[in-house]
file data_8.pdb (PDB, C-alpha atoms, pLDDT in the B column)
ATOM      1  CA  MET A  22      37.915  92.511  -1.012  1.00 53.00           C
ATOM      2  CA  LEU A  23      35.532  89.669  -1.784  1.00 59.00           C
ATOM      3  CA  SER A  24      33.260  91.905  -3.834  1.00 69.00           C
ATOM      4  CA  ALA A  25      36.204  93.011  -5.983  1.00 70.00           C
ATOM      5  CA  LYS A  26      37.014  89.350  -6.751  1.00 67.00           C
ATOM      6  CA  ILE A  27      33.387  88.701  -7.664  1.00 64.00           C
ATOM      7  CA  GLU A  28      33.294  91.775  -9.908  1.00 68.00           C
ATOM      8  CA  ARG A  29      36.454  90.634 -11.724  1.00 67.00           C
ATOM      9  CA  ALA A  30      35.051  87.127 -12.194  1.00 63.00           C
ATOM     10  CA  LEU A  31      31.794  88.491 -13.579  1.00 60.00           C
ATOM     11  CA  ALA A  32      33.657  90.862 -15.899  1.00 65.00           C
ATOM     12  CA  LEU A  33      35.628  87.925 -17.313  1.00 62.00           C
ATOM     13  CA  GLY A  34      32.424  85.997 -18.023  1.00 60.00           C
ATOM     14  CA  ALA A  35      30.644  88.892 -19.745  1.00 62.00           C
ATOM     15  CA  PRO A  36      32.151  88.389 -23.231  1.00 63.00           C
ATOM     16  CA  ILE A  37      31.343  84.697 -23.067  1.00 64.00           C
ATOM     17  CA  SER A  38      27.719  85.333 -22.105  1.00 66.00           C
ATOM     18  CA  HIS A  39      27.306  87.817 -24.972  1.00 68.00           C
ATOM     19  CA  ALA A  40      28.219  85.011 -27.388  1.00 72.00           C
ATOM     20  CA  THR A  41      26.642  82.091 -25.551  1.00 77.00           C
ATOM     21  CA  VAL A  42      23.117  83.409 -25.032  1.00 77.00           C
ATOM     22  CA  PRO A  43      22.395  84.043 -28.754  1.00 81.00           C
ATOM     23  CA  LEU A  44      23.948  80.681 -29.612  1.00 83.00           C
ATOM     24  CA  LEU A  45      21.760  78.825 -27.108  1.00 82.00           C
ATOM     25  CA  ASN A  46      18.663  80.713 -28.283  1.00 82.00           C
ATOM     26  CA  GLY A  47      19.446  79.788 -31.888  1.00 85.00           C
ATOM     27  CA  LEU A  48      19.885  76.124 -30.985  1.00 86.00           C
ATOM     28  CA  ALA A  49      16.618  76.106 -29.003  1.00 85.00           C
ATOM     29  CA  ARG A  50      14.727  77.729 -31.906  1.00 86.00           C
ATOM     30  CA  ARG A  51      16.205  75.218 -34.354  1.00 89.00           C
ATOM     31  CA  ARG A  52      15.199  72.350 -32.066  1.00 86.00           C
ATOM     32  CA  LEU A  53      11.623  73.636 -31.909  1.00 85.00           C
ATOM     33  CA  LEU A  54      11.277  74.091 -35.662  1.00 89.00           C
ATOM     34  CA  ARG A  55      12.747  70.654 -36.393  1.00 89.00           C
ATOM     35  CA  GLY A  56      10.269  69.183 -33.922  1.00 85.00           C
ATOM     36  CA  GLY A  57       7.280  70.375 -35.943  1.00 88.00           C
ATOM     37  CA  VAL A  58       6.657  73.644 -34.132  1.00 88.00           C
ATOM     38  CA  GLU A  59       5.489  76.583 -36.252  1.00 90.00           C
ATOM     39  CA  GLN A  60       6.582  80.154 -35.635  1.00 90.00           C
ATOM     40  CA  ARG A  61       3.623  82.494 -36.199  1.00 92.00           C
ATOM     41  CA  GLU A  62       2.917  86.207 -35.925  1.00 94.00           C
ATOM     42  CA  VAL A  63      -0.266  88.178 -35.287  1.00 94.00           C
ATOM     43  CA  ARG A  64      -0.849  91.896 -34.787  1.00 96.00           C
ATOM     44  CA  VAL A  65      -2.548  93.038 -31.606  1.00 94.00           C
ATOM     45  CA  GLY A  66      -3.297  96.740 -31.458  1.00 95.00           C
ATOM     46  CA  GLY A  67      -0.816  97.265 -34.291  1.00 94.00           C
ATOM     47  CA  LEU A  68       2.023  95.516 -32.422  1.00 94.00           C
ATOM     48  CA  PRO A  69       3.525  92.315 -33.824  1.00 93.00           C
ATOM     49  CA  ILE A  70       3.222  89.348 -31.472  1.00 89.00           C
ATOM     50  CA  ASN A  71       5.362  86.317 -32.301  1.00 88.00           C
ATOM     51  CA  TYR A  72       4.503  82.903 -30.946  1.00 87.00           C
ATOM     52  CA  TYR A  73       5.230  79.223 -31.439  1.00 87.00           C
ATOM     53  CA  TYR A  74       2.484  76.666 -32.065  1.00 89.00           C
ATOM     54  CA  LYS A  75       2.471  72.902 -32.215  1.00 86.00           C
ATOM     55  CA  ALA A  76      -0.676  70.935 -32.989  1.00 84.00           C
ATOM     56  CA  PRO A  77      -1.322  68.104 -30.537  1.00 84.00           C
ATOM     57  CA  ALA A  78      -0.400  64.614 -31.765  1.00 79.00           C
ATOM     58  CA  GLN A  79      -3.268  62.915 -29.921  1.00 81.00           C
ATOM     59  CA  PRO A  80      -5.554  65.588 -28.520  1.00 79.00           C
ATOM     60  CA  ALA A  81      -7.435  64.659 -25.383  1.00 79.00           C
ATOM     61  CA  PRO A  82     -11.223  64.937 -25.873  1.00 82.00           C
ATOM     62  CA  ASP A  83     -11.516  67.691 -23.275  1.00 84.00           C
ATOM     63  CA  ALA A  84      -8.177  69.354 -24.110  1.00 82.00           C
ATOM     64  CA  PHE A  85      -8.020  73.092 -23.693  1.00 85.00           C
ATOM     65  CA  PRO A  86      -5.341  75.344 -25.221  1.00 85.00           C
ATOM     66  CA  ILE A  87      -2.310  76.066 -23.076  1.00 86.00           C
ATOM     67  CA  VAL A  88      -0.592  79.441 -23.373  1.00 87.00           C
ATOM     68  CA  LEU A  89       2.924  79.802 -21.977  1.00 86.00           C
ATOM     69  CA  ILE A  90       4.065  83.368 -21.331  1.00 86.00           C
ATOM     70  CA  HIS A  91       7.696  84.249 -20.696  1.00 85.00           C
ATOM     71  CA  GLY A  92       9.023  86.935 -18.388  1.00 83.00           C
ATOM     72  CA  ILE A  93       9.883  90.500 -19.327  1.00 83.00           C
ATOM     73  CA  ALA A  94      13.616  89.923 -19.861  1.00 79.00           C
ATOM     74  CA  ASP A  95      13.207  86.509 -21.482  1.00 81.00           C
ATOM     75  CA  ASN A  96      11.856  85.039 -24.720  1.00 81.00           C
ATOM     76  CA  ALA A  97       9.604  82.240 -25.939  1.00 81.00           C
ATOM     77  CA  LEU A  98      12.532  79.850 -26.240  1.00 82.00           C
ATOM     78  CA  THR A  99      12.343  79.483 -22.454  1.00 81.00           C
ATOM     79  CA  TRP A 100       9.603  76.949 -23.104  1.00 83.00           C
ATOM     80  CA  SER A 101      11.453  74.907 -25.757  1.00 82.00           C
ATOM     81  CA  PHE A 102      11.880  71.840 -23.538  1.00 82.00           C
ATOM     82  CA  ILE A 103       8.318  71.727 -22.199  1.00 85.00           C
ATOM     83  CA  LEU A 104       6.460  72.553 -25.420  1.00 84.00           C
ATOM     84  CA  GLY A 105       6.910  69.091 -26.974  1.00 83.00           C
ATOM     85  CA  PRO A 106       5.566  67.080 -24.034  1.00 86.00           C
ATOM     86  CA  LEU A 107       2.623  69.464 -23.552  1.00 86.00           C
ATOM     87  CA  ALA A 108       1.775  69.400 -27.267  1.00 85.00           C
ATOM     88  CA  ARG A 109       1.211  65.651 -27.189  1.00 83.00           C
ATOM     89  CA  LYS A 110      -2.295  66.231 -25.785  1.00 84.00           C
ATOM     90  CA  TYR A 111      -2.949  69.969 -25.620  1.00 85.00           C
ATOM     91  CA  PRO A 112      -3.149  72.589 -28.367  1.00 83.00           C
TER      92      PRO A 112
END
call {"tool": "encode", "arguments": {"input": "data_8.pdb", "output": "structure tokens"}}
result
Amino acid sequence: MLSAKIERALALGAPISHATVPLLNGLARRRLLRGGVEQREVRVGGLPINYYYKAPAQPAPDAFPIVLIHGIADNALTWSFILGPLARKYP
């Protein structure tokens, strides 16, 4: 009985999530681009790889590049809130 209630609740939320996720991704991308982040693309083995880059404001003398990699069912916008603070000192 409980599982049927959970299934109904999840089914009701499905249409909302189909609209909300793209909206939130669009807002996160817009926030990044307005914050001075560049969207770039390179080809690796013929496959296009998209990434976001922000030059450090005040690079530390011994700063090394930081690469953030998202999970298989996610996208680069996962890192939208941490990219700005990291980019203050690290490329």
call {"tool": "atom_distance", "arguments": {"input": "data_8.pdb", "atom1": "CA of Leu53 in chain A", "atom2": "CA of Ser101 in chain A"}}
result
6.3 Å
call {"tool": "closest_residue", "arguments": {"input": "data_8.pdb", "among": "A:Ala40, A:Lys75, A:Leu45, A:Arg64", "to": "Thr99 in chain A", "atoms": "all atoms listed in the file"}}
result
A:Leu45
call {"tool": "atom_distance", "arguments": {"input": "data_8.pdb", "atom1": "CA of Asp83 in chain A", "atom2": "CA of Leu54 in chain A"}}
result
26.7 Å
call {"tool": "atom_distance", "arguments": {"input": "data_8.pdb", "atom1": "CA of Ala76 in chain A", "atom2": "CA of Ala97 in chain A"}}
result
16.8 Å
call {"tool": "residues_around", "arguments": {"input": "data_8.pdb", "residues": "Val88 in chain A", "least_positions_apart": "3", "cutoff": "12 Å", "atoms": "only C-alpha atoms", "output": "list in words"}}
result
Tyr72, Tyr73, Tyr74, Lys75, Phe85, His91, Ala97, Trp100, Ile103, Leu104, Leu107, Ala108, Tyr111 and Pro112 of chain A
call {"tool": "axis_aligned_box", "arguments": {"input": "data_8.pdb", "around": "range 105-111 of chain A", "padding_each_side": "6 Å", "output": "lines of an AutoDock Vina configuration file"}}
result
center_x = 2.0
center_y = 67.8
center_z = -25.4
size_x = 21.9
size_y = 16.3
size_z = 15.7
call {"tool": "closest_residue", "arguments": {"input": "data_8.pdb", "among": "A:Ile90, A:Ala84, A:Pro43, A:Gly56", "to": "Ile70 in chain A", "atoms": "all atoms listed in the file"}}
result
A:Ile90
call {"tool": "closest_residue", "arguments": {"input": "data_8.pdb", "among": "A:Lys110, A:Arg55, A:Arg61, A:Arg50", "to": "Pro80 in chain A", "atoms": "all atoms listed in the file"}}
result
A:Lys110
call {"tool": "closest_residue", "arguments": {"input": "data_8.pdb", "among": "A:Val63, A:Pro86, A:Ala78, A:Ile93", "to": "Gly105 in chain A", "atoms": "all atoms listed in the file"}}
result
A:Ala78
call {"tool": "closest_residue", "arguments": {"input": "data_8.pdb", "among": "A:Leu89, A:Pro82, A:Pro77, A:Leu44", "to": "Gly57 in chain A", "atoms": "all atoms listed in the file"}}
result
A:Pro77
call {"tool": "decode", "arguments": {"input": "data_8.pdb", "residues": "range 69-103 of chain A", "atoms": "N, CA and C atoms", "output": "PDB file, in the first residue's frame"}}
result
ATOM      1  N   PRO A  69      33.291  15.797 -29.844  1.00  0.00           N
ATOM      2  CA  PRO A  69      33.294  17.145 -29.273  1.00  0.00           C
ATOM      3  C   PRO A  69      33.214  17.089 -27.743  1.00  0.00           C
ATOM      4  N   ILE A  70      34.083  17.824 -27.101  1.00  0.00           N
ATOM      5  CA  ILE A  70      34.089  17.937 -25.644  1.00  0.00           C
ATOM      6  C   ILE A  70      33.833  19.402 -25.305  1.00  0.00           C
ATOM      7  N   ASN A  71      32.742  19.664 -24.614  1.00  0.00           N
ATOM      8  CA  ASN A  71      32.408  21.020 -24.186  1.00  0.00           C
ATOM      9  C   ASN A  71      32.884  21.219 -22.763  1.00  0.00           C
ATOM     10  N   TYR A  72      33.384  22.422 -22.485  1.00  0.00           N
ATOM     11  CA  TYR A  72      33.797  22.725 -21.122  1.00  0.00           C
ATOM     12  C   TYR A  72      33.659  24.209 -20.861  1.00  0.00           C
ATOM     13  N   TYR A  73      33.686  24.565 -19.581  1.00  0.00           N
ATOM     14  CA  TYR A  73      33.616  25.954 -19.159  1.00  0.00           C
ATOM     15  C   TYR A  73      34.969  26.335 -18.582  1.00  0.00           C
ATOM     16  N   TYR A  74      35.396  27.568 -18.859  1.00  0.00           N
ATOM     17  CA  TYR A  74      36.698  28.041 -18.375  1.00  0.00           C
ATOM     18  C   TYR A  74      36.552  29.448 -17.838  1.00  0.00           C
ATOM     19  N   LYS A  75      37.208  29.689 -16.725  1.00  0.00           N
ATOM     20  CA  LYS A  75      37.269  31.044 -16.174  1.00  0.00           C
ATOM     21  C   LYS A  75      38.707  31.294 -15.739  1.00  0.00           C
ATOM     22  N   ALA A  76      39.283  32.363 -16.274  1.00  0.00           N
ATOM     23  CA  ALA A  76      40.657  32.726 -15.914  1.00  0.00           C
ATOM     24  C   ALA A  76      40.670  33.213 -14.467  1.00  0.00           C
ATOM     25  N   PRO A  77      41.710  32.888 -13.727  1.00  0.00           N
ATOM     26  CA  PRO A  77      41.773  33.317 -12.329  1.00  0.00           C
ATOM     27  C   PRO A  77      41.942  34.832 -12.219  1.00  0.00           C
ATOM     28  N   ALA A  78      41.260  35.436 -11.264  1.00  0.00           N
ATOM     29  CA  ALA A  78      41.355  36.879 -11.035  1.00  0.00           C
ATOM     30  C   ALA A  78      42.726  37.240 -10.486  1.00  0.00           C
ATOM     31  N   GLN A  79      43.170  36.525  -9.477  1.00  0.00           N
ATOM     32  CA  GLN A  79      44.485  36.744  -8.868  1.00  0.00           C
ATOM     33  C   GLN A  79      45.147  35.389  -8.710  1.00  0.00           C
ATOM     34  N   PRO A  80      45.805  34.910  -9.763  1.00  0.00           N
ATOM     35  CA  PRO A  80      46.377  33.566  -9.674  1.00  0.00           C
ATOM     36  C   PRO A  80      47.453  33.473  -8.596  1.00  0.00           C
ATOM     37  N   ALA A  81      47.396  32.406  -7.848  1.00  0.00           N
ATOM     38  CA  ALA A  81      48.445  32.129  -6.864  1.00  0.00           C
ATOM     39  C   ALA A  81      49.713  31.767  -7.630  1.00  0.00           C
ATOM     40  N   PRO A  82      50.899  32.107  -7.113  1.00  0.00           N
ATOM     41  CA  PRO A  82      52.136  31.831  -7.836  1.00  0.00           C
ATOM     42  C   PRO A  82      52.333  30.348  -8.171  1.00  0.00           C
ATOM     43  N   ASP A  83      51.894  29.484  -7.304  1.00  0.00           N
ATOM     44  CA  ASP A  83      52.073  28.047  -7.538  1.00  0.00           C
ATOM     45  C   ASP A  83      50.754  27.375  -7.919  1.00  0.00           C
ATOM     46  N   ALA A  84      49.831  28.150  -8.499  1.00  0.00           N
ATOM     47  CA  ALA A  84      48.506  27.626  -8.845  1.00  0.00           C
ATOM     48  C   ALA A  84      48.595  26.591  -9.958  1.00  0.00           C
ATOM     49  N   PHE A  85      47.877  25.536  -9.791  1.00  0.00           N
ATOM     50  CA  PHE A  85      47.802  24.490 -10.805  1.00  0.00           C
ATOM     51  C   PHE A  85      46.364  24.442 -11.313  1.00  0.00           C
ATOM     52  N   PRO A  86      46.153  24.028 -12.555  1.00  0.00           N
ATOM     53  CA  PRO A  86      44.783  23.979 -13.088  1.00  0.00           C
ATOM     54  C   PRO A  86      43.929  22.951 -12.348  1.00  0.00           C
ATOM     55  N   ILE A  87      42.676  23.296 -12.151  1.00  0.00           N
ATOM     56  CA  ILE A  87      41.727  22.390 -11.524  1.00  0.00           C
ATOM     57  C   ILE A  87      40.708  21.978 -12.584  1.00  0.00           C
ATOM     58  N   VAL A  88      40.489  20.686 -12.701  1.00  0.00           N
ATOM     59  CA  VAL A  88      39.519  20.142 -13.646  1.00  0.00           C
ATOM     60  C   VAL A  88      38.413  19.487 -12.838  1.00  0.00           C
ATOM     61  N   LEU A  89      37.182  19.924 -13.067  1.00  0.00           N
ATOM     62  CA  LEU A  89      36.020  19.350 -12.390  1.00  0.00           C
ATOM     63  C   LEU A  89      35.266  18.486 -13.390  1.00  0.00           C
ATOM     64  N   ILE A  90      35.022  17.248 -13.052  1.00  0.00           N
ATOM     65  CA  ILE A  90      34.374  16.306 -13.957  1.00  0.00           C
ATOM     66  C   ILE A  90      33.047  15.870 -13.333  1.00  0.00           C
ATOM     67  N   HIS A  91      31.986  15.979 -14.112  1.00  0.00           N
ATOM     68  CA  HIS A  91      30.667  15.600 -13.604  1.00  0.00           C
ATOM     69  C   HIS A  91      30.418  14.107 -13.815  1.00  0.00           C
ATOM     70  N   GLY A  92      29.372  13.623 -13.205  1.00  0.00           N
ATOM     71  CA  GLY A  92      29.006  12.215 -13.312  1.00  0.00           C
ATOM     72  C   GLY A  92      28.350  11.888 -14.643  1.00  0.00           C
ATOM     73  N   ILE A  93      28.093  10.622 -14.855  1.00  0.00           N
ATOM     74  CA  ILE A  93      27.603  10.133 -16.145  1.00  0.00           C
ATOM     75  C   ILE A  93      26.196  10.643 -16.480  1.00  0.00           C
ATOM     76  N   ALA A  94      25.349  10.843 -15.520  1.00  0.00           N
ATOM     77  CA  ALA A  94      23.987  11.297 -15.794  1.00  0.00           C
ATOM     78  C   ALA A  94      23.808  12.766 -15.411  1.00  0.00           C
ATOM     79  N   ASP A  95      24.889  13.512 -15.430  1.00  0.00           N
ATOM     80  CA  ASP A  95      24.865  14.909 -14.999  1.00  0.00           C
ATOM     81  C   ASP A  95      25.464  15.774 -16.088  1.00  0.00           C
ATOM     82  N   ASN A  96      25.697  17.053 -15.805  1.00  0.00           N
ATOM     83  CA  ASN A  96      26.348  17.932 -16.768  1.00  0.00           C
ATOM     84  C   ASN A  96      27.244  18.926 -16.045  1.00  0.00           C
ATOM     85  N   ALA A  97      27.969  19.711 -16.805  1.00  0.00           N
ATOM     86  CA  ALA A  97      28.965  20.629 -16.243  1.00  0.00           C
ATOM     87  C   ALA A  97      28.342  21.696 -15.351  1.00  0.00           C
ATOM     88  N   LEU A  98      27.063  21.940 -15.490  1.00  0.00           N
ATOM     89  CA  LEU A  98      26.420  22.966 -14.682  1.00  0.00           C
ATOM     90  C   LEU A  98      26.347  22.575 -13.211  1.00  0.00           C
ATOM     91  N   THR A  99      26.646  21.318 -12.913  1.00  0.00           N
ATOM     92  CA  THR A  99      26.746  20.863 -11.524  1.00  0.00           C
ATOM     93  C   THR A  99      27.721  21.735 -10.743  1.00  0.00           C
ATOM     94  N   TRP A 100      28.742  22.205 -11.417  1.00  0.00           N
ATOM     95  CA  TRP A 100      29.818  22.947 -10.773  1.00  0.00           C
ATOM     96  C   TRP A 100      29.612  24.457 -10.803  1.00  0.00           C
ATOM     97  N   SER A 101      28.442  24.935 -11.193  1.00  0.00           N
ATOM     98  CA  SER A 101      28.235  26.376 -11.380  1.00  0.00           C
ATOM     99  C   SER A 101      28.446  27.193 -10.104  1.00  0.00           C
ATOM    100  N   PHE A 102      28.173  26.635  -8.948  1.00  0.00           N
ATOM    101  CA  PHE A 102      28.320  27.404  -7.712  1.00  0.00           C
ATOM    102  C   PHE A 102      29.740  27.371  -7.155  1.00  0.00           C
ATOM    103  N   ILE A 103      30.527  26.396  -7.520  1.00  0.00           N
ATOM    104  CA  ILE A 103      31.888  26.288  -6.992  1.00  0.00           C
ATOM    105  C   ILE A 103      32.928  26.868  -7.951  1.00  0.00           C
TER     106      ILE A 103
END
